Amino acid sequence: MDIIDIKAYMQLVGYKARAASHLMAKAETIIKNNALISMATAIKRDEYKLLTANAVDLENAKIKGLDSVFIDRLTLTSRDVANMAEGLLQIAALIDPVGEISGLNYRPSGIQIGRMRVPLGVIGIIYEARPNVTADAAGLCLKAGNAAILRGGSEAIHSNQAIAACVEEGLRIAGLPDTAVQILRTTDRAAVNELITMKEFVDVIVPRGGKELIARLSNEACIPIIKHLHGICHVYIDDGANVDKAIRIADNAKTQRYGACNAMETLLVHEKIARIVLPSLCAIYANKGVELRGDKASRVIIPSMKKATEEDWHTEYLAPILSVRVVTSLDQAIEHITTYGSQHTDSIITENYAHARQFLREVDSSSVMVNASTRFADGFEYGLGAEIGISTDKIHARGPVGLEGLTNQKFIVLGDGQIRQ
């Protein structure tokens with residue numbers, strides 16, 4: 001869509017979103033749930049339309065010569081469409097957090113103090129390849145009582161517009177304003193510059209994309225951002241690990257999907273178990289075409305590994321490449337994660353309860369796991385219905401951001417005529 005005056009267009013979008021946010025904040029739960037169910041129904045019904053639109057985007061991406069990781073993120077399958085619909089239904093089934101009151105207690109003056117959960121207001125979501133974000137973000141923002149402005153990447157324009165039609169249909173059927181979720185009709189990058197500076201209309205920005213996009217928005221935005229910059233995730237195989245379990249988890253964490261932010265990028269293995277676990281595990285990686293880059297100790301065991309550089313420990317590959325290090329202790333593994341990790345997701349494989357507890361306590365990441373693949377760090381898998389993103393920030397929301405992360409709390413005071421003396 002060609003829009004001559006981007007600033008005027010974005011101001012209108014912002015104005016409509018702010019007006020819709022006031023209506024959404026007071027919308028009844030049953031109305032919001034009806035909208036979500038209707039969206040899910042439309043998405044399932046229009047599977048063919050969605051996949052056809054996605055095929056156009058995929059063909060254009062291939063013509064542009066975009067890489068396989070990007071193509072993977074852009075691709076919609078029948079399963080993806082079913083998951084989008086199921087995610088919306090899960091959101092509808094979740095307890096509505098808006099209006100929840102907690103922590104009520106009496107003060108000596110006789111007043112009661114508590115907190116009420118309220119929507120954030122207007123949320124701007126800027127994302128790149130993944131079309132499913134359109135449905136996930138719309139559903140979560142809606143259920144949490146917010147209005148949303150969605151700006152998808154130009155490469156997914158046809159897919160996003162097809163999904164947006166289902167979202168708008170659901171809003172209309174439920175009697176909610178169709179401006180509660182607005183998908184920008186322009187791919188002009190100037191629209192992003194406007195969106196991240198419209199403080200009068202937008203309360204929070206959520207970027208979903210590569211580190212270059214997120215870094216740029218973090219530097220240029222005038223509005224608070226919920227974000228993660230890198231996904232340098234680790235799996236540490238402890239000397240107390242069950243070998244079969246360790247191999248299964250480490251394989252899945254790396255190879256289940258290479259381009260995901262929760263895929264393992266560095267494998268740490270205790271020296272006492274390295275000669276037992278690495279040969280079998282590395283054979284699996286070799287069969288799947290994973291390039292291994294190891295430290296000196298790991299290359300003694302697996303000579304075919306390439307030499308890891310200092311840069312490798314800092315790298316989020318998002319590709320079939322894995323860095324490997326043999327460590328002498330749990331403390332050294334934790335030190336490595338502290339030094340090189342991105343506070344996204346890290347996992348320990350161990351049957352040693354004390355080691356598991358120490359890892360959970362000392363690893364400062366948004367998701368810390370015991371005996372589970374890092375690929376579980378996802379709103380859908382966590383039972384949030386879906387996620388609007390993963391936050392590695394420490395203020396407000398952390399980890400997969402679901403309904404609660406899209407709300408805040410305000411203090412409420414209940415009195416019976418008290419005055420301050």
# chains A, B, ... in the order shown; residues from 1 in each chain; ligands from 1
$ residues_around --residues "Ile6 (chain A)" --least-positions-apart "3" --cutoff "8 Å" --atoms "only C-alpha atoms" --output "JSON, numbers by chain"
{"A": [3, 9, 10, 190, 191]}
$ residues_around --residues "Asn242 (chain A)" --least-positions-apart "6" --cutoff "10 Å" --atoms "only C-alpha atoms" --output "list in words"
Ile273, Val277, Ile349, Thr350, Glu351, Asn352 and Asn371 of chain A
$ write_last_selection --atoms "N, CA, C and O atoms" --output "CSV table (one decimal), in the first residue's frame"
chain,number,residue,atom,x,y,z
A,273,ILE,N,32.6,-36.8,32.2
A,273,ILE,CA,31.6,-37.5,31.4
A,273,ILE,C,31.8,-37.3,29.9
A,273,ILE,O,31.1,-37.9,29.1
A,277,VAL,N,29.9,-39.2,26.7
A,277,VAL,CA,28.8,-38.6,26.0
A,277,VAL,C,29.1,-38.0,24.6
A,277,VAL,O,28.3,-38.0,23.7
A,349,ILE,N,21.8,-30.7,32.7
A,349,ILE,CA,21.4,-32.1,32.7
A,349,ILE,C,22.1,-32.8,33.8
A,349,ILE,O,23.3,-33.0,33.8
A,350,THR,N,21.4,-33.3,34.8
A,350,THR,CA,22.0,-33.9,36.0
A,350,THR,C,21.0,-34.6,36.8
A,350,THR,O,19.8,-34.3,36.8
A,351,GLU,N,21.4,-35.7,37.5
A,351,GLU,CA,20.6,-36.4,38.5
A,351,GLU,C,21.0,-36.0,39.9
A,351,GLU,O,20.5,-36.5,40.9
A,352,ASN,N,22.0,-35.1,40.0
A,352,ASN,CA,22.5,-34.6,41.3
A,352,ASN,C,21.6,-33.4,41.8
A,352,ASN,O,21.6,-32.3,41.2
A,371,ASN,N,17.2,-30.8,33.2
A,371,ASN,CA,16.8,-32.0,32.5
A,371,ASN,C,15.7,-31.7,31.5
A,371,ASN,O,14.8,-32.5,31.3
$ residues_around --residues "Ile101 (chain A)" --least-positions-apart "6" --cutoff "8 Å" --atoms "only C-alpha atoms" --output "VMD selection string"
chain A and resid 114 to 117
$ write_last_selection --atoms "N, CA and C atoms" --output "PDB file, in the first residue's frame"
ATOM      1  N   GLY A 114      -4.243  -2.403  48.452  1.00  0.00           N
ATOM      2  CA  GLY A 114      -4.053  -3.570  47.599  1.00  0.00           C
ATOM      3  C   GLY A 114      -3.575  -3.139  46.231  1.00  0.00           C
ATOM      4  N   ARG A 115      -3.501  -4.102  45.333  1.00  0.00           N
ATOM      5  CA  ARG A 115      -3.094  -3.804  43.960  1.00  0.00           C
ATOM      6  C   ARG A 115      -4.077  -4.430  42.979  1.00  0.00           C
ATOM      7  N   MET A 116      -4.357  -3.684  41.923  1.00  0.00           N
ATOM      8  CA  MET A 116      -5.250  -4.166  40.865  1.00  0.00           C
ATOM      9  C   MET A 116      -4.475  -4.267  39.559  1.00  0.00           C
ATOM     10  N   ARG A 117      -4.672  -5.373  38.857  1.00  0.00           N
ATOM     11  CA  ARG A 117      -3.985  -5.559  37.591  1.00  0.00           C
ATOM     12  C   ARG A 117      -4.756  -4.861  36.472  1.00  0.00           C
TER      13      ARG A 117
END
$ closest_residue --among "A:Ala250, A:Ala165, A:Leu403, A:Ile226" --to "Phe380 (chain A)" --atoms "only C-alpha atoms"
A:Leu403
$ select_by_dssp --residues "region 156-389 of chain A" --states "strand (DSSP E or B)" --output "ChimeraX atom specification"
/A:181-183,204-208,225,233-237,264-270,291-294,306-307,321-327,345-349,367-370
$ select_by_dssp --residues "region 258-352 of chain A" --states "alpha helix (DSSP H)" --output "ChimeraX atom specification"
/A:271-287,296-301,310-313,330-340
$ closest_residue --among "A:Leu50, A:Ala164, A:Ala319, A:Val206" --to "Lys288 (chain A)" --atoms "only C-alpha atoms"
A:Ala319
$ closest_residue --among "A:Leu104, A:Ile412, A:Ile163, A:Ala85" --to "Ala40 (chain A)" --atoms "only C-alpha atoms"
A:Ala85
$ residues_around --residues "Cys261 (chain A)" --least-positions-apart "6" --cutoff "8 Å" --atoms "only C-alpha atoms" --output "PyMOL selection string"
chain A and resi 230-232+318
$ closest_residue --among "A:Met39, A:Ala354, A:Val122, A:Leu322" --to "Leu281 (chain A)" --atoms "only C-alpha atoms"
A:Leu322
$ atom_distance --atom1 "CA of Gln358 (chain A)" --atom2 "CA of Met264 (chain A)"
20.6 Å
$ residues_around --residues "Pro279 (chain A)" --least-positions-apart "3" --cutoff "8 Å" --atoms "only C-alpha atoms" --output "ChimeraX atom specification"
/A:275-276,282-283,301-302
$ write_last_selection --atoms "N, CA, C and O atoms" --output "PDB file, in the first residue's frame"
ATOM      1  N   ARG A 275      34.132 -38.020  27.714  1.00  0.00           N
ATOM      2  CA  ARG A 275      34.544 -39.118  26.834  1.00  0.00           C
ATOM      3  C   ARG A 275      33.437 -40.148  26.645  1.00  0.00           C
ATOM      4  O   ARG A 275      33.486 -40.962  25.706  1.00  0.00           O
ATOM      5  N   ILE A 276      32.451 -40.105  27.516  1.00  0.00           N
ATOM      6  CA  ILE A 276      31.324 -41.030  27.396  1.00  0.00           C
ATOM      7  C   ILE A 276      30.244 -40.455  26.488  1.00  0.00           C
ATOM      8  O   ILE A 276      29.712 -41.147  25.616  1.00  0.00           O
ATOM      9  N   CYS A 282      28.164 -36.311  19.192  1.00  0.00           N
ATOM     10  CA  CYS A 282      28.757 -35.654  18.025  1.00  0.00           C
ATOM     11  C   CYS A 282      28.503 -36.446  16.747  1.00  0.00           C
ATOM     12  O   CYS A 282      28.440 -35.865  15.658  1.00  0.00           O
ATOM     13  N   ALA A 283      28.344 -37.767  16.867  1.00  0.00           N
ATOM     14  CA  ALA A 283      27.975 -38.571  15.698  1.00  0.00           C
ATOM     15  C   ALA A 283      26.580 -38.179  15.212  1.00  0.00           C
ATOM     16  O   ALA A 283      26.324 -38.110  13.993  1.00  0.00           O
ATOM     17  N   ILE A 301      39.025 -35.242  22.213  1.00  0.00           N
ATOM     18  CA  ILE A 301      38.060 -36.348  22.170  1.00  0.00           C
ATOM     19  C   ILE A 301      37.471 -36.502  20.776  1.00  0.00           C
ATOM     20  O   ILE A 301      37.325 -37.616  20.267  1.00  0.00           O
ATOM     21  N   ILE A 302      37.158 -35.375  20.138  1.00  0.00           N
ATOM     22  CA  ILE A 302      36.577 -35.375  18.789  1.00  0.00           C
ATOM     23  C   ILE A 302      37.504 -34.544  17.883  1.00  0.00           C
ATOM     24  O   ILE A 302      37.296 -33.331  17.711  1.00  0.00           O
TER      25      ILE A 302
END
$ residues_around --residues "Thr41 (chain A)" --least-positions-apart "3" --cutoff "9 Å" --atoms "only C-alpha atoms" --output "ChimeraX atom specification"
/A:36-38,44-46,85,166,170
$ closest_residue --among "A:Val363, A:Leu51, A:Ala42, A:Ile249" --to "Thr77 (chain A)" --atoms "only C-alpha atoms"
A:Leu51
$ residues_around --residues "Lys227 (chain A)" --least-positions-apart "4" --cutoff "7 Å" --atoms "only C-alpha atoms" --output "list in words"
Val206, Pro207, Ile390, Ser391, Thr392 and Asp393 of chain A
$ closest_residue --among "A:Asn54, A:Glu220, A:Glu28, A:Pro303" --to "Met198 (chain A)" --atoms "only C-alpha atoms"
A:Glu220
$ atom_distance --atom1 "CA of Val98 (chain A)" --atom2 "CA of Pro119 (chain A)"
6.6 Å
$ closest_atom_pairs --of "region 146-265 of chain A" --to "region 62-75 of chain A" --cutoff "12 Å" --atoms "only C-alpha atoms" --output "JSON lines"
{"residue": "A:Gly152", "atom": "CA", "partner": "A:Leu74", "partner_atom": "CA", "distance": 11.2}
{"residue": "A:Gly153", "atom": "CA", "partner": "A:Leu74", "partner_atom": "CA", "distance": 9.9}
{"residue": "A:Ser154", "atom": "CA", "partner": "A:Leu74", "partner_atom": "CA", "distance": 11.1}
{"residue": "A:Glu155", "atom": "CA", "partner": "A:Leu74", "partner_atom": "CA", "distance": 8.0}
{"residue": "A:Ala156", "atom": "CA", "partner": "A:Leu74", "partner_atom": "CA", "distance": 6.8}
{"residue": "A:Ile157", "atom": "CA", "partner": "A:Leu74", "partner_atom": "CA", "distance": 10.5}
{"residue": "A:His158", "atom": "CA", "partner": "A:Leu74", "partner_atom": "CA", "distance": 11.2}
{"residue": "A:Ser159", "atom": "CA", "partner": "A:Leu74", "partner_atom": "CA", "distance": 9.0}
{"residue": "A:Asn160", "atom": "CA", "partner": "A:Leu74", "partner_atom": "CA", "distance": 10.5}
{"residue": "A:Arg208", "atom": "CA", "partner": "A:Arg73", "partner_atom": "CA", "distance": 11.8}
{"residue": "A:Gly209", "atom": "CA", "partner": "A:Arg73", "partner_atom": "CA", "distance": 10.2}
{"residue": "A:Gly210", "atom": "CA", "partner": "A:Phe70", "partner_atom": "CA", "distance": 10.2}
{"residue": "A:Arg257", "atom": "CA", "partner": "A:Asp72", "partner_atom": "CA", "distance": 9.0}
{"residue": "A:Tyr258", "atom": "CA", "partner": "A:Val69", "partner_atom": "CA", "distance": 7.6}
{"residue": "A:Gly259", "atom": "CA", "partner": "A:Val69", "partner_atom": "CA", "distance": 5.6}
{"residue": "A:Ala260", "atom": "CA", "partner": "A:Arg73", "partner_atom": "CA", "distance": 8.3}
{"residue": "A:Cys261", "atom": "CA", "partner": "A:Arg73", "partner_atom": "CA", "distance": 11.1}
$ write_last_selection --atoms "N, CA and C atoms" --output "short mmCIF file (atom, residue, chain, number, x, y, z; two decimals), in the first residue's frame"
data_model
loop_
_atom_site.label_atom_id
_atom_site.label_comp_id
_atom_site.auth_asym_id
_atom_site.auth_seq_id
_atom_site.Cartn_x
_atom_site.Cartn_y
_atom_site.Cartn_z
N GLY A 152 4.47 -5.83 10.69
CA GLY A 152 5.21 -6.99 10.26
C GLY A 152 6.21 -6.63 9.19
N GLY A 153 7.13 -7.55 8.90
CA GLY A 153 8.13 -7.31 7.89
C GLY A 153 7.54 -7.33 6.48
N SER A 154 8.17 -6.61 5.59
CA SER A 154 7.68 -6.52 4.22
C SER A 154 7.67 -7.89 3.53
N GLU A 155 8.60 -8.77 3.92
CA GLU A 155 8.69 -10.09 3.28
C GLU A 155 7.48 -10.97 3.60
N ALA A 156 6.74 -10.66 4.67
CA ALA A 156 5.59 -11.47 5.07
C ALA A 156 4.28 -10.73 4.87
N ILE A 157 4.27 -9.71 4.01
CA ILE A 157 3.12 -8.83 3.89
C ILE A 157 1.85 -9.56 3.50
N HIS A 158 1.91 -10.50 2.56
CA HIS A 158 0.71 -11.21 2.12
C HIS A 158 0.19 -12.13 3.22
N SER A 159 1.10 -12.83 3.90
CA SER A 159 0.70 -13.72 5.00
C SER A 159 0.06 -12.92 6.12
N ASN A 160 0.70 -11.82 6.49
CA ASN A 160 0.20 -11.01 7.60
C ASN A 160 -1.18 -10.43 7.30
N ARG A 208 10.24 -8.03 17.70
CA ARG A 208 10.51 -9.45 17.48
C ARG A 208 11.29 -9.57 16.19
N GLY A 209 12.56 -9.87 16.29
CA GLY A 209 13.36 -9.98 15.08
C GLY A 209 14.83 -10.15 15.41
N GLY A 210 15.66 -9.86 14.44
CA GLY A 210 17.09 -10.02 14.60
C GLY A 210 17.69 -8.98 15.52
N ARG A 257 15.12 -27.07 15.87
CA ARG A 257 14.92 -25.92 14.98
C ARG A 257 16.11 -24.98 15.15
N TYR A 258 16.88 -24.85 14.11
CA TYR A 258 18.13 -24.09 14.22
C TYR A 258 17.91 -22.58 14.37
N GLY A 259 16.89 -22.05 13.73
CA GLY A 259 16.73 -20.60 13.67
C GLY A 259 15.98 -19.99 14.83
N ALA A 260 15.67 -20.75 15.88
CA ALA A 260 14.90 -20.24 17.00
C ALA A 260 15.81 -19.62 18.05
N CYS A 261 15.32 -18.59 18.73
CA CYS A 261 16.14 -17.91 19.73
C CYS A 261 16.43 -18.78 20.94
#
$ atom_distance --atom1 "CA of Ala147 (chain A)" --atom2 "CA of Val133 (chain A)"
15.3 Å
$ decode --residues "region 224-265 of chain A" --atoms "C-alpha atoms" --output "mmCIF file, in the first residue's frame"
data_model
loop_
_atom_site.group_PDB
_atom_site.id
_atom_site.type_symbol
_atom_site.label_atom_id
_atom_site.label_comp_id
_atom_site.auth_asym_id
_atom_site.auth_seq_id
_atom_site.Cartn_x
_atom_site.Cartn_y
_atom_site.Cartn_z
ATOM 1 C CA PRO A 224 9.797 1.607 26.874
ATOM 2 C CA ILE A 225 10.738 -1.656 25.150
ATOM 3 C CA ILE A 226 10.183 -5.287 26.174
ATOM 4 C CA LYS A 227 12.955 -7.200 24.404
ATOM 5 C CA HIS A 228 15.762 -9.694 24.223
ATOM 6 C CA LEU A 229 18.810 -8.908 22.117
ATOM 7 C CA HIS A 230 20.568 -12.288 21.861
ATOM 8 C CA GLY A 231 19.633 -15.919 22.428
ATOM 9 C CA ILE A 232 22.980 -17.464 23.370
ATOM 10 C CA CYS A 233 21.557 -20.525 25.121
ATOM 11 C CA HIS A 234 23.620 -23.199 26.880
ATOM 12 C CA VAL A 235 23.138 -26.829 27.831
ATOM 13 C CA TYR A 236 25.500 -28.091 30.522
ATOM 14 C CA ILE A 237 25.923 -31.864 30.851
ATOM 15 C CA ASP A 238 26.952 -32.417 34.465
ATOM 16 C CA ASP A 239 29.065 -35.296 35.741
ATOM 17 C CA GLY A 240 25.894 -36.488 37.464
ATOM 18 C CA ALA A 241 23.910 -36.690 34.206
ATOM 19 C CA ASN A 242 22.063 -39.688 32.846
ATOM 20 C CA VAL A 243 23.893 -40.259 29.533
ATOM 21 C CA ASP A 244 20.880 -41.300 27.440
ATOM 22 C CA LYS A 245 18.867 -38.385 28.764
ATOM 23 C CA ALA A 246 21.740 -35.962 28.132
ATOM 24 C CA ILE A 247 22.179 -37.080 24.505
ATOM 25 C CA ARG A 248 18.458 -36.849 23.783
ATOM 26 C CA ILE A 249 18.131 -33.362 25.288
ATOM 27 C CA ALA A 250 21.316 -31.921 23.783
ATOM 28 C CA ASP A 251 20.324 -33.223 20.353
ATOM 29 C CA ASN A 252 16.852 -31.684 20.577
ATOM 30 C CA ALA A 253 18.067 -28.377 21.996
ATOM 31 C CA LYS A 254 20.268 -27.838 18.938
ATOM 32 C CA THR A 255 18.636 -29.584 16.011
ATOM 33 C CA GLN A 256 14.874 -29.393 16.573
ATOM 34 C CA ARG A 257 14.925 -25.921 14.979
ATOM 35 C CA TYR A 258 18.132 -24.087 14.216
ATOM 36 C CA GLY A 259 16.735 -20.597 13.675
ATOM 37 C CA ALA A 260 14.898 -20.239 17.002
ATOM 38 C CA CYS A 261 16.137 -17.907 19.726
ATOM 39 C CA ASN A 262 15.875 -20.731 22.293
ATOM 40 C CA ALA A 263 18.064 -23.157 20.338
ATOM 41 C CA MET A 264 21.289 -24.195 22.083
ATOM 42 C CA GLU A 265 24.369 -22.400 20.760
#
